[in-house]
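So the structure is just underneath, and the comments pick up after that.
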Amino acid sequence: MNKNLMFFYFFGFILVAQISLAQSKNEIGVEEVQVTESFIPIVPEANKFSELPLLRDTIKVSKNVYYSPINKRFETQLKLDPINSAKIKGEPLSKLYQTYIYGGLGNTSLPYSKIFYSSDRNKSLSYGLALGYVESYAKVKSVFDQEKKVSAASRKTDFAAFVKKDFHSGIFNANISRQGNIFQAYGYDLDLVSNEIFTQEYWGYSTLRLSFIRNNLDRNKLSYSAKIFAYDLNEQTENSISLILSGRKIVGLNSFNLDFGLDYILNNHSRKYVFDDKLSKELILLLSPSVKRKIFGGNLNVGFKLNAMDNRGSTNSNYAIFPNVNYNYIFSENNLSAQIGVRGGLDKNSYYSLSQRNPFILNALKTDGGSLNLVNTQTKYDFFIGIDSYLGAEINSFLQFSYARVHNMPFFELDDNSTYSNKFLVIYDNVNHFSLNSEIDWAMNKNSKFSLKLDYHNYDLDSLIDYAYKPTIISKLGFLYNIGDKIIPEIELVCFVDRSTVEDSGWSNSPVLNDIVDIDFTLEYKYNTIFSAYFELKNLIGNYQIWENYPVLGPQVFFGLSYRL
C-alpha cells in the first residue's frame, strides 16, 4: 500500500510541473509588426464527404412510389368458335333480276300464280309491284253427313305496290295494297241450304301506308317521323285512318321520346248492313312520352301510354293509362342479353282485325242475321322477363316469361242464331294470362338448319266457364337441308294441344276440339340461278276441325315453277 501511495504522489508532481511549463511557454508578449499591403482573407474550397448526404432526424420522409400494370393473359373456360370465312358463290352477279314469276297447279288449286317486279338498285329511289292469284275447287265431307261433300272453294287475289324515296331531309315510304278473298262458309247443315251461293263469303282489304322519317345524326338536332295508315274493308263496310307523330331528342346521356297517335274508325251507313248509328264510329287518341338512357351496363326505358277513347255506343270519353317500362341488360355483346319490364296497351277489335283471325265471323250483312259486338281489348299490365342468347355452334335461343292482366280478351263462339248457323260471334272476358315463349334456331352446318318453337299458355277467366280456339301448347319443328345448292328439302311439324277446355259439349256453347298434329313438306330443285321447280305437300295428316264444323282440307299436292328475268 505504501508503494501505491508513493506512486500516486510521484505522478501528481510530474503533472503539475508539466502544466506550469506549458503556461510559461505560451505567455503572450509585445511585438511590433509592419503592414505592407491590405489583408484579403481566402476561404479554401470545401471537399464534399458524399454526393447524397444522409439526413438523420425524427421527421418522416415521404417517398414517391410509382406503379405500372404488368400485361398478363387471363385464362378463362370460354371457348369461342371461329367465324368461318364468307363464301360468295357466283359473285359478282352479271345481272340483277328485276322480275320473278311463280306459278303452278295442284289437286285443290288451279291456277296458282305470283309475279314480283322491283326496280334496279338505287340509293335515291326504289319501287316495286306484286300480283297474286289462286283459285281452289276443293270439297270436304260435311260434318253433318259424312256421305256427302260440300264446296270449300275459294278465290284469292293480291295486289301491292311500293315506292321509297331518299331525300336530303329524310326518307319517304309509300305502300298500297289490295287483298280479296271470296270463299265458301262451308260449316252448314245441308238441310238448311238449298244453294251454295247463299253461303258465299267475301272479305276485301284495301290499305294505304305513308311515312316520312328524319333521323338526325347530329345529337343536338331533333329526329322525327310521321306515319299515316288507312284501310277500307269490303268497299266502305268499315273505314279507318290512323296518324302517328313521333319525336326524339338526345340530351346528354338521355334520349327523350314523344309519340302522338290518332285513330278514327267509322262504318258505312249502307242499308245492306246492320250497323246502328251509335256503332258507326270511334275515336282513339294516344299520348306516349318516354325517356331512355344507358345505366349499369344496360338500356333503361321509362314511359307510359295515355289513351283517350270515344267508345262506340257511348257519349262519354274514357281514359286509360298503361305502363311502358323495360330494362335490357347486355351481358355479352351479340351473345347474351336479358330483358325485364312491364308493358300494356290497347288492341283495337274491328271487323278488319277479327276477320283476319277468323274469316267465318258475322260480316254485318243483314243476310247474316246479326253483327259483332266490337269492344277494344286493354292489357292493363304485362310483366315479362326474357333472355336472348347465342350458345355457340351457330345456336341462337330466345326464352320469355309473361304474366298479364287483360280486360275484354276476345273469344270466338259459334252463333246458332246466324242465318245458316255457320257464323261466329265474339264474346269477351277479363283474363289473367300466363305465357312462356321459347325459340331455338340451329345452323347445324352450312347446308342444314333446325328450328324449334314451343309456347305455353294458361288462361284464368273471370266469368266464362270454358272456352275454345286458344291452345295450351303450340309447337313448331322445322328442318331444312341443302344438297349441293341444287336440291333443298324442308319439312315442318306443327302441334296445337288442348284447344278446348270442354270435355262434353252437351252442356256448353264451346265445342270439343281434337288436338292438331300435321306435317308440311316442300322440295325445291334449282336448275340454275334463273329457273327452279317446286313440289309441296300440305296437311299430310289432317283429320281435325280448324273451327267448329269446319274440317281442314285433306292432303294437298302442289307443283310449281319459278323464273327470273
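Every chain in the C-alpha cells takes a letter, A first, then B, and so on in the order presented; its residues are numbered from 1, and the ligands are numbered from 1 following the presented order.
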request  = Write out as JSON, numbers by chain all residues of region 95-203 of chain A that backbone DSSP assigns to strand (DSSP E or B).
outcome  = {"A": [99, 100, 101, 102, 103, 104, 105, 106, 109, 110, 111, 112, 113, 114, 115, 116, 117, 118, 125, 126, 127, 128, 129, 130, 131, 132, 133, 134, 135, 136, 139, 140, 141, 149, 150, 151, 154, 155, 156, 157, 158, 159, 160, 161, 162, 163, 164, 165, 166, 171, 172, 173, 174, 175, 176, 177, 178, 179, 180, 181, 182, 183, 184, 200, 201, 202, 203]}
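Reported to one decimal place, the separation of CA of Ser463 (chain A) from CA of Leu354 (chain A) is 21.7 Å.
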Contacts of region 153-252 of chain A with region 286-297 of chain A up to 12 Å, shortest pair per row, only C-alpha atoms, as CSV:
```
residue,atom,partner,partner_atom,distance
A:Ser242,CA,A:Leu286,CA,10.8
A:Leu243,CA,A:Leu286,CA,9.9
A:Ile244,CA,A:Leu286,CA,8.7
A:Leu245,CA,A:Leu287,CA,9.8
A:Ser246,CA,A:Ser288,CA,9.3
A:Gly247,CA,A:Pro289,CA,9.6
A:Arg248,CA,A:Val291,CA,9.4
A:Lys249,CA,A:Val291,CA,9.6
A:Ile250,CA,A:Lys292,CA,9.2
A:Val251,CA,A:Arg293,CA,10.0
A:Gly252,CA,A:Arg293,CA,9.3
```
remark   = A straight line from CA of Asn326 (chain A) to CA of Phe304 (chain A) spans 11.0 Å
request  = Considering only C-alpha atoms, state which residue in the set A:Leu362, A:Leu336, A:Leu452, A:Ile427 is at the smallest distance from Gly386 (chain A).
outcome  =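 Using only C-alpha atoms, the shortest distance to Gly386 (chain A) belongs to A:Leu336.
What separates CA of Ser206 (chain A) from CA of Leu258 (chain A) is a distance of 29.5 Å.
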Can you list every residue of region 408-454 of chain A that has an atom at most 6 Å from region 476-485 of chain A, with its nearest atom pair and the distance in Å to one decimal, using only C-alpha atoms, ordered by chain then number, as CSV?
```
residue,atom,partner,partner_atom,distance
A:Asn447,CA,A:Asn482,CA,4.7
A:Ser448,CA,A:Tyr481,CA,4.3
A:Lys449,CA,A:Leu480,CA,5.2
A:Phe450,CA,A:Phe479,CA,4.6
A:Ser451,CA,A:Gly478,CA,5.1
A:Leu452,CA,A:Leu477,CA,4.7
A:Lys453,CA,A:Lys476,CA,5.1
```
query = Can you list, as a list of chain:residue names, every protein, DNA or RNA residue that comes within 8 Å of Phe424 (chain A) when you count only C-alpha atoms, leaving out same-chain residues fewer than 4 positions away?
reply = A:Phe360, A:Ile361, A:Leu362, A:Phe412, A:Glu413, A:Leu414, A:Asp415
key: Counting only C-alpha atoms, the option among A:Trp203, A:Phe322, A:Tyr525, A:Tyr428 closest to Thr377 (chain A)   =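 Between A:Trp203, A:Phe322, A:Tyr525, A:Tyr428, the residue approaching Thr377 (chain A) most closely is A:Tyr428.
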key: A:Asp259, A:Asp218, A:Asp466, A:Glu548 ranked by distance to Phe144 (chain A), top pick (using only C-alpha atoms)   =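 Looking at the shortest contact to Phe144 (chain A), the residue is A:Glu548.
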key: Residue contacts of Phe159 (chain A) (7 Å, only C-alpha atoms) excluding same-chain residues fewer than 3 positions away, as a list of chain:residue names   = A:Ala130, A:Leu131, A:Gly132, A:Ser177, A:Arg178, A:Gln179
inquiry  = Which residues are close to region 109-114 of chain A, i.e. within 10 Å by only C-alpha atoms, leaving aside same-chain residues fewer than 6 positions away? Reply as a PyMOL selection string.
reply    = chain A and resi 100-103+130-138+153-159+556-562
message = Taking the DSSP secondary structure from the backbone, can you list the residues of region 99-305 of chain A that are helix (DSSP H, G or I), as a list in words?
response = Glu196, Ile197, Phe198, Thr199, Asp277, Lys278 and Leu279 of chain A
Closest-contact table, region 379-439 of chain A side, partner region 188-202 of chain A, 8 Å, counting only C-alpha atoms, as JSON lines:
```
{"residue": "A:Tyr420", "atom": "CA", "partner": "A:Tyr188", "partner_atom": "CA", "distance": 6.2}
{"residue": "A:Ser421", "atom": "CA", "partner": "A:Tyr188", "partner_atom": "CA", "distance": 6.4}
{"residue": "A:Asn422", "atom": "CA", "partner": "A:Tyr188", "partner_atom": "CA", "distance": 5.3}
```
Let me see the file: selected residues, N, CA and C atoms, as an mmCIF file, in the first residue's frame.
```cif
data_model
loop_
_atom_site.group_PDB
_atom_site.id
_atom_site.type_symbol
_atom_site.label_atom_id
_atom_site.label_comp_id
_atom_site.auth_asym_id
_atom_site.auth_seq_id
_atom_site.Cartn_x
_atom_site.Cartn_y
_atom_site.Cartn_z
ATOM 1 N N TYR A 420 -127.541 -19.422 -91.231
ATOM 2 C CA TYR A 420 -127.339 -20.840 -91.520
ATOM 3 C C TYR A 420 -126.541 -21.543 -90.419
ATOM 4 N N SER A 421 -126.485 -20.924 -89.254
ATOM 5 C CA SER A 421 -125.783 -21.486 -88.091
ATOM 6 C C SER A 421 -124.340 -21.848 -88.424
ATOM 7 N N ASN A 422 -123.700 -21.026 -89.253
ATOM 8 C CA ASN A 422 -122.326 -21.306 -89.674
ATOM 9 C C ASN A 422 -121.393 -20.113 -89.467
#
```
